[in-house]
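Chemist: Input structure: model.tsv, which contains TSV, C-alpha atoms.
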chain	number	residue	atom	x	y	z
A	254	MET	CA	0.86	106.33	-71.98
A	255	LEU	CA	-0.26	104.11	-69.09
A	256	GLU	CA	2.71	102.23	-67.71
A	257	LEU	CA	1.94	99.64	-65.08
A	258	ASN	CA	5.39	99.35	-63.52
A	259	THR	CA	4.38	96.32	-61.66
A	260	PHE	CA	5.25	93.07	-59.90
A	261	SER	CA	3.02	90.06	-60.32
A	262	ILE	CA	2.73	86.30	-59.96
A	263	THR	CA	0.65	84.16	-62.31
A	264	ALA	CA	0.06	80.55	-61.31
A	265	ARG	CA	-1.81	77.26	-61.40
A	266	CYS	CA	-2.29	74.99	-58.40
A	267	GLY	CA	-1.12	71.49	-59.24
A	268	LYS	CA	-3.48	69.95	-56.68
A	269	THR	CA	-6.74	71.73	-57.48
A	270	GLY	CA	-6.25	73.12	-60.98
A	271	GLN	CA	-7.13	76.58	-59.73
A	272	LEU	CA	-5.62	79.48	-61.70
A	273	GLY	CA	-4.80	82.97	-60.49
A	274	VAL	CA	-2.86	86.21	-60.52
A	275	ALA	CA	-1.68	88.51	-57.73
A	276	VAL	CA	-0.29	91.93	-58.64
A	277	SER	CA	0.66	95.33	-57.24
A	278	THR	CA	1.79	98.65	-58.74
A	279	LYS	CA	2.22	102.41	-58.20
A	280	LEU	CA	-0.92	103.40	-60.07
A	281	PRO	CA	-4.57	103.08	-59.04
A	282	ALA	CA	-6.79	100.12	-59.93
A	283	VAL	CA	-4.23	97.59	-61.18
A	284	GLY	CA	-6.92	94.91	-60.92
A	285	MET	CA	-8.82	96.58	-63.76
A	286	LEU	CA	-6.17	96.12	-66.46
A	287	CYS	CA	-3.54	93.56	-65.46
A	288	PRO	CA	-4.95	90.18	-64.28
A	289	PHE	CA	-6.93	87.95	-66.63
A	290	VAL	CA	-8.08	84.51	-65.47
A	291	LYS	CA	-10.52	81.91	-66.82
A	292	ALA	CA	-11.40	78.59	-65.21
A	293	ASP	CA	-9.98	75.49	-66.92
A	294	THR	CA	-8.23	77.77	-69.42
A	295	GLY	CA	-5.40	79.83	-68.00
A	296	ALA	CA	-4.16	82.96	-66.28
A	297	ILE	CA	-2.35	85.95	-67.77
A	298	ALA	CA	-0.74	89.06	-66.29
A	299	THR	CA	-0.14	91.93	-68.72
A	300	GLN	CA	1.93	94.93	-67.59
A	301	SER	CA	4.59	97.56	-68.39
A	302	PHE	CA	3.02	99.77	-71.14
A	303	VAL	CA	-0.06	97.72	-70.47
A	304	ASN	CA	-2.19	96.25	-73.25
A	305	PRO	CA	-5.27	94.54	-71.78
A	306	TYR	CA	-5.91	92.86	-75.12
A	307	ILE	CA	-2.89	90.66	-74.46
A	308	GLY	CA	-4.89	89.16	-71.61
A	309	ILE	CA	-8.15	89.08	-73.53
A	310	ARG	CA	-6.73	87.59	-76.72
A	311	GLY	CA	-4.38	85.32	-74.80
A	312	LEU	CA	-7.22	83.67	-72.90
A	313	GLY	CA	-8.98	83.23	-76.22
A	314	TYR	CA	-5.97	81.41	-77.63
A	315	LEU	CA	-5.70	79.19	-74.57
A	316	SER	CA	-9.41	78.37	-74.75
A	317	ARG	CA	-8.85	77.13	-78.31
A	318	GLY	CA	-6.28	74.63	-77.02
A	319	MET	CA	-3.02	76.50	-77.46
A	320	THR	CA	-0.30	75.93	-74.88
A	321	ALA	CA	1.17	78.85	-72.94
A	322	GLU	CA	4.17	78.92	-75.29
A	323	GLU	CA	2.00	78.80	-78.40
A	324	ALA	CA	-0.15	81.66	-77.08
A	325	LYS	CA	3.00	83.65	-76.30
A	326	GLU	CA	4.35	83.20	-79.82
A	327	LYS	CA	0.98	84.19	-81.29
A	328	ILE	CA	0.92	87.36	-79.17
A	329	ILE	CA	4.52	88.21	-80.11
A	330	ALA	CA	3.75	87.75	-83.81
A	331	GLU	CA	0.81	90.13	-83.81
A	332	GLU	CA	1.63	92.69	-81.11
A	333	GLU	CA	2.48	96.31	-81.95
A	334	ASP	CA	5.08	98.09	-79.77
A	335	LEU	CA	6.10	94.67	-78.50
A	336	GLU	CA	9.26	95.85	-76.73
A	337	LEU	CA	7.14	97.99	-74.38
A	338	ARG	CA	5.15	94.99	-73.19
A	339	GLN	CA	5.60	92.47	-70.41
A	340	PHE	CA	3.32	89.50	-69.88
A	341	ALA	CA	3.16	86.11	-68.19
A	342	ILE	CA	1.01	83.13	-69.13
A	343	VAL	CA	0.09	79.89	-67.34
A	344	ASP	CA	-2.18	77.45	-69.14
A	345	ARG	CA	-4.66	74.92	-67.74
A	346	HIS	CA	-1.97	72.23	-67.55
A	347	GLY	CA	0.53	74.42	-65.68
A	348	ASN	CA	2.75	75.15	-68.69
A	349	THR	CA	4.31	78.60	-68.49
A	350	ALA	CA	5.57	81.30	-70.84
A	351	ALA	CA	6.62	84.92	-70.39
A	352	PHE	CA	7.98	87.92	-72.26
A	353	SER	CA	9.72	91.11	-71.13
A	354	GLY	CA	10.34	93.70	-73.83
A	355	GLU	CA	13.67	95.50	-74.05
A	356	ARG	CA	12.00	98.88	-73.57
A	357	CYS	CA	10.45	98.04	-70.20
A	358	GLU	CA	11.55	100.61	-67.63
A	359	GLY	CA	14.09	100.25	-64.81
A	360	TYR	CA	14.99	96.81	-63.53
A	361	TYR	CA	12.73	94.29	-65.25
A	362	ASN	CA	12.73	90.53	-65.56
A	363	HIS	CA	10.64	87.40	-65.24
A	364	PHE	CA	11.30	83.96	-63.79
A	365	GLU	CA	9.37	80.80	-64.57
A	366	GLY	CA	8.83	78.07	-62.01
A	367	ASP	CA	6.79	74.88	-61.77
A	368	GLY	CA	3.34	76.10	-62.81
A	369	PHE	CA	3.98	79.78	-62.16
A	370	VAL	CA	5.70	82.95	-63.38
A	371	VAL	CA	6.88	85.99	-61.44
A	372	ALA	CA	7.40	89.17	-63.46
A	373	GLY	CA	8.09	92.83	-62.84
A	374	ASN	CA	9.43	96.07	-64.21
A	375	MET	CA	10.66	99.37	-62.74
A	376	LEU	CA	11.53	97.41	-59.62
A	377	VAL	CA	13.87	98.34	-56.79
A	378	ASN	CA	15.95	95.22	-57.52
A	379	GLU	CA	15.92	91.57	-58.56
A	380	LYS	CA	15.19	90.51	-54.98
A	381	THR	CA	11.55	91.49	-55.44
A	382	LEU	CA	11.14	88.66	-57.95
A	383	THR	CA	13.48	86.08	-56.42
A	384	ASP	CA	11.82	86.44	-53.02
A	385	MET	CA	8.38	86.08	-54.63
A	386	LYS	CA	9.49	82.93	-56.41
A	387	ARG	CA	11.04	81.39	-53.31
A	388	THR	CA	8.03	82.24	-51.13
A	389	PHE	CA	5.56	80.71	-53.57
A	390	GLU	CA	7.64	77.55	-53.78
A	391	ILE	CA	8.06	77.02	-50.04
A	392	HIS	CA	4.34	77.44	-49.31
A	393	SER	CA	3.15	74.61	-51.56
A	394	ASP	CA	0.96	73.31	-48.73
A	395	LEU	CA	-1.31	76.37	-48.84
A	396	GLU	CA	-4.27	76.96	-51.14
A	397	LEU	CA	-3.51	79.00	-54.24
A	398	SER	CA	-4.97	82.31	-53.07
A	399	GLU	CA	-2.88	82.20	-49.89
A	400	ARG	CA	0.28	81.29	-51.81
A	401	LEU	CA	-0.23	84.15	-54.26
A	402	LEU	CA	-0.81	86.60	-51.45
A	403	ARG	CA	2.27	85.42	-49.54
A	404	ALA	CA	4.36	85.85	-52.70
A	405	LEU	CA	3.02	89.37	-53.22
A	406	GLN	CA	3.82	90.23	-49.61
A	407	ALA	CA	7.38	88.96	-50.11
A	408	GLY	CA	7.79	91.06	-53.25
A	409	GLN	CA	6.63	94.19	-51.47
A	410	LYS	CA	8.87	93.53	-48.49
A	411	ALA	CA	11.86	93.10	-50.81
A	412	GLY	CA	11.27	96.45	-52.47
A	413	GLY	CA	8.54	96.25	-55.08
A	414	ASP	CA	7.91	99.14	-57.46
A	415	LYS	CA	10.70	101.70	-56.98
A	416	ARG	CA	8.22	104.59	-57.33
A	417	GLY	CA	6.14	103.46	-54.36
A	418	LYS	CA	2.81	101.72	-53.69
A	419	GLN	CA	-0.79	102.39	-54.66
A	420	SER	CA	-2.91	99.40	-55.70
A	421	ALA	CA	-3.01	95.61	-55.53
A	422	ALA	CA	-5.28	92.78	-56.67
A	423	LEU	CA	-5.82	89.05	-56.20
A	424	LYS	CA	-7.89	86.98	-58.63
A	425	VAL	CA	-8.38	83.19	-58.55
A	426	HIS	CA	-10.72	80.96	-60.55
A	427	ASP	CA	-11.66	77.40	-59.69
A	428	THR	CA	-14.20	75.45	-61.77
A	429	GLU	CA	-16.93	78.05	-62.26
A	430	ASP	CA	-17.16	80.88	-64.78
A	431	TYR	CA	-17.22	83.37	-61.91
A	432	PRO	CA	-14.13	83.84	-59.68
A	433	LEU	CA	-13.46	82.03	-56.46
A	434	VAL	CA	-11.50	85.07	-55.21
A	435	ASP	CA	-11.55	88.55	-56.76
A	436	LEU	CA	-10.28	91.21	-54.38
A	437	ARG	CA	-8.90	94.65	-55.19
A	438	VAL	CA	-7.36	97.58	-53.36
A	439	ASP	CA	-7.60	100.37	-55.89
A	440	GLU	CA	-5.89	103.20	-53.98
A	441	HIS	CA	-4.08	102.89	-50.68
A	442	GLU	CA	-0.81	103.97	-49.10
A	443	ASP	CA	0.06	100.32	-48.36
A	444	PRO	CA	-2.01	98.28	-50.83
A	445	VAL	CA	-0.52	94.83	-50.26
A	446	ALA	CA	-1.06	95.12	-46.50
A	447	GLU	CA	-4.60	96.37	-47.13
A	448	LEU	CA	-5.25	93.54	-49.59
A	449	THR	CA	-4.15	91.12	-46.88
A	450	ARG	CA	-6.57	92.72	-44.43
A	451	VAL	CA	-9.44	92.52	-46.93
A	452	TYR	CA	-8.54	88.90	-47.70
A	453	ASP	CA	-8.69	88.02	-44.00
A	454	VAL	CA	-12.14	89.63	-43.74
A	455	ALA	CA	-13.35	87.79	-46.84
A	456	LYS	CA	-12.01	84.52	-45.46
A	457	GLU	CA	-14.30	84.94	-42.46
A	458	GLU	CA	-17.33	86.62	-44.00
A	459	LEU	CA	-17.45	85.71	-47.71
A	460	PHE	CA	-15.51	82.58	-48.64
A	461	PRO	CA	-17.55	80.25	-46.36
A	462	PHE	CA	-20.60	81.04	-48.53
A	463	MET	CA	-18.92	80.17	-51.83
A	464	PRO	CA	-19.69	76.40	-51.71
A	465	GLN	CA	-23.40	77.29	-51.42
A	466	MET	CA	-23.42	79.43	-54.58
A	467	PRO	CA	-25.16	78.25	-57.76
A	468	ARG	CA	-22.75	76.06	-59.72
A	469	LYS	CA	-22.65	74.32	-63.07
A	470	GLN	CA	-23.46	71.04	-61.34
A	471	ASP	CA	-25.99	72.64	-58.96
A	472	PRO	CA	-27.70	75.54	-60.79
A	473	GLY	CA	-29.94	76.41	-57.88
A	474	GLY	CA	-27.21	76.49	-55.27
A	475	SER	CA	-27.68	75.23	-51.74
A	476	PHE	CA	-28.00	78.31	-49.57
A	477	ASP	CA	-28.23	77.54	-45.88
A	478	PRO	CA	-28.17	80.62	-43.61
A	479	ASP	CA	-27.36	78.44	-40.62
A	480	ALA	CA	-24.35	76.79	-42.25
A	481	VAL	CA	-22.02	79.75	-41.65
Would you write the structure of this file as C-alpha cells?

Modeler:
Amino acid sequence: MLELNTFSITARCGKTGQLGVAVSTKLPAVGMLCPFVKADTGAIATQSFVNPYIGIRGLGYLSRGMTAEEAKEKIIAEEEDLELRQFAIVDRHGNTAAFSGERCEGYYNHFEGDGFVVAGNMLVNEKTLTDMKRTFEIHSDLELSERLLRALQAGQKAGGDKRGKQSAALKVHDTEDYPLVDLRVDEHEDPVAELTRVYDVAKEELFPFMPQMPRKQDPGGSFDPDAV
C-alpha cells in the first residue's frame, strides 16, 4: 500500500487564471502521483492511500464542464476504499472542493479558501495547514508559482509530514497544454528547500525562454537567442 502522507496546496490565480499544485511528502517522487493540472480546466491533488485515477478522472470531469463540487461528488460516488483517500479540487473558475477520508492516518484535515485548498495527512499538527493557508492569502501580489512555493515552505517550517521529508513538487499551467512550471525534487534530505533552489535557478535560466516557446496562437514560436 502506497500512502502519500502529504501536505499540499491546490489553487487558481484569480488574476491570470493559472492553475497549480505544490506538494511534499516523506516518500520519493511525489510529483509522479499526486499533482494533476490542466490549463483552463482545473487542478487536483490526490494523496493519503493515493489513487492517481482520482486526478485523471477528476480532470476529465472538469473538462466536461462539471464544477469542483460536482466532480467531488462523482468521485465519491464511484471510488472504492473511499475512506483511505484525500483529495482537493479547484476548477477553472476558482470553485473548490475537498475530501478527507476517516481512515487517513495521523492528523489530517483540509481547509478551503478563495480559489485554493490546503490538505494534509499524517502531519505533525494543524499548524502545517493553517500556516500554509495564511501564507498563500497574504502573498496575493505574487504570481501563482511563487505563492504556492511560499505556502509549501510555510507548511514545512510548521512541521509538515511527521515522519520526515523526502520529495516535493510544483506544477503550474497557464494557457498552453504543456506546463508553465513543472519542477520536482524526487529524493532529498530537505526537499522543499531544494525545490526552492531549483525554482530560483529555473527563474533565471528557464522561465525567461517560456514566452518564446511555440504556442497555440503562435505555433512556430519566436525564439530569439539574444532576448535572454

Chemist: At most 9 Å from (3.8, 81.7, -70.5), file frame, all atoms listed in the file: which residues, as a list in words?

Modeler: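 Nearby residues: Ile297, Thr320, Ala321, Glu322, Glu323, Ala324, Lys325, Phe340, Ala341, Ile342, Val343, Asp344, Asn348, Thr349, Ala350, Ala351, Phe352, Glu365, Phe369 and Val370 of chain A.
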
Chemist: Which residues are close to range 409-413 of chain A, i.e. within 9 Å by only C-alpha atoms, leaving aside same-chain residues fewer than 3 positions away? Reply as an MDAnalysis selection string.

Modeler: chainID A and resid 259:260 277:278 373 375:382 384:385 404:406 416:418 445

Chemist: Keeping C-alpha atoms for every residue in the selection just given, could you write it to a file as a JSON list (two decimals), keeping the file's coordinate frame?

Modeler:
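Produced file again-v6.json, reproduced below:
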[["chain", "number", "residue", "atom", "x", "y", "z"],
["A", 259, "THR", "CA", 4.38, 96.32, -61.66],
["A", 260, "PHE", "CA", 5.25, 93.07, -59.90],
["A", 277, "SER", "CA", 0.66, 95.33, -57.24],
["A", 278, "THR", "CA", 1.79, 98.65, -58.74],
["A", 373, "GLY", "CA", 8.09, 92.83, -62.84],
["A", 375, "MET", "CA", 10.66, 99.37, -62.74],
["A", 376, "LEU", "CA", 11.53, 97.41, -59.62],
["A", 377, "VAL", "CA", 13.87, 98.34, -56.79],
["A", 378, "ASN", "CA", 15.95, 95.22, -57.52],
["A", 379, "GLU", "CA", 15.92, 91.57, -58.56],
["A", 380, "LYS", "CA", 15.19, 90.51, -54.98],
["A", 381, "THR", "CA", 11.55, 91.49, -55.44],
["A", 382, "LEU", "CA", 11.14, 88.66, -57.95],
["A", 384, "ASP", "CA", 11.82, 86.44, -53.02],
["A", 385, "MET", "CA", 8.38, 86.08, -54.63],
["A", 404, "ALA", "CA", 4.36, 85.85, -52.70],
["A", 405, "LEU", "CA", 3.02, 89.37, -53.22],
["A", 406, "GLN", "CA", 3.82, 90.23, -49.61],
["A", 416, "ARG", "CA", 8.22, 104.59, -57.33],
["A", 417, "GLY", "CA", 6.14, 103.46, -54.36],
["A", 418, "LYS", "CA", 2.81, 101.72, -53.69],
["A", 445, "VAL", "CA", -0.52, 94.83, -50.26]]

Chemist: Using all atoms listed in the file, pick whichever of A:Gln271, A:Phe364, A:Arg345, A:Asn374 has the shortest atom-to-atom distance to Ser301 in chain A.

Modeler: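 Ranking A:Gln271, A:Phe364, A:Arg345, A:Asn374 by distance to Ser301 in chain A, first place goes to A:Asn374.
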
Chemist: Could you please determine the separation between CA of Ala296 in chain A and CA of Val454 in chain A in Å, to one decimal place?

Modeler: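 Answer for the CA of Ala296 in chain A to CA of Val454 in chain A separation: 24.8 Å.
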
Chemist: Go through A:Phe389, A:Tyr306, A:Phe460, A:Phe289 one by one, measure the shortest atom-to-atom distance of each to Glu332 in chain A using only C-alpha atoms, and give the residue with the smallest value.

Modeler: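 Of A:Phe389, A:Tyr306, A:Phe460, A:Phe289, the one nearest Glu332 in chain A is A:Tyr306, counting only C-alpha atoms.
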
Chemist: Show which residues sit within 7 Å of range 308-312 of chain A, as a PyMOL selection string. Count only C-alpha atoms, and ignore same-chain residues fewer than 3 positions away.

Modeler: chain A and resi 289+294-295+297-299+305+315-316+324

Chemist: Can you measure CA of Lys424 in chain A to CA of Asp477 in chain A for me? One decimal in Å is fine.

Modeler: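 So the answer is 25.8 Å.
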
Chemist: Tell me, in Å to one decimal, how far CA of Met285 in chain A is from CA of Ile391 in chain A.

Modeler: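 Computing the Euclidean distance for CA of Met285 in chain A and CA of Ile391 in chain A yields 29.3 Å.
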
Chemist: For Val290 in chain A, which of A:Val303, A:Ile328, A:Leu395, A:Ala275 is the closest residue, counting all atoms listed in the file?

Modeler: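 The closest residue to Val290 in chain A is A:Ala275.
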
Chemist: Closest to His363 in chain A among A:Thr383, A:Val274, A:Gly347, A:Lys469, using only C-alpha atoms?

Modeler: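 That would be A:Thr383, the residue with the smallest distance to His363 in chain A.
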
Chemist: Neighbourhood query: residues within 8 Å of (9.1, 102.2, -70.5), file coordinates, counting all atoms listed in the file; return as an mmCIF file with C-alpha atoms, keeping the file's coordinate frame.

Modeler:
data_model
loop_
_atom_site.group_PDB
_atom_site.id
_atom_site.type_symbol
_atom_site.label_atom_id
_atom_site.label_comp_id
_atom_site.auth_asym_id
_atom_site.auth_seq_id
_atom_site.Cartn_x
_atom_site.Cartn_y
_atom_site.Cartn_z
ATOM 1 C CA GLU A 256 2.710 102.230 -67.710
ATOM 2 C CA SER A 301 4.590 97.560 -68.390
ATOM 3 C CA PHE A 302 3.020 99.770 -71.140
ATOM 4 C CA LEU A 337 7.140 97.990 -74.380
ATOM 5 C CA ARG A 356 12.000 98.880 -73.570
ATOM 6 C CA CYS A 357 10.450 98.040 -70.200
ATOM 7 C CA GLU A 358 11.550 100.610 -67.630
ATOM 8 C CA GLY A 359 14.090 100.250 -64.810
#

Chemist: Neighbouring residues of Ala455 in chain A were defined as those with any atom within 12 Å, considering only C-alpha atoms; residues of the same chain fewer than 4 positions away were excluded. Please report them as an NGL selection string.

Modeler: :A and (398 or 433-437 or 448-451 or 459-463)

Chemist: Using all atoms listed in the file, which of A:Ile307, A:Ala264, A:Ala330, A:Val371 sits nearest Glu396 in chain A?

Modeler: A:Ala264

Chemist: Between A:Asp394, A:Asp430, A:Glu331, A:Glu355, which residue has the minimum interatomic distance to Gly267 in chain A, considering all atoms listed in the file?

Modeler: A:Asp394
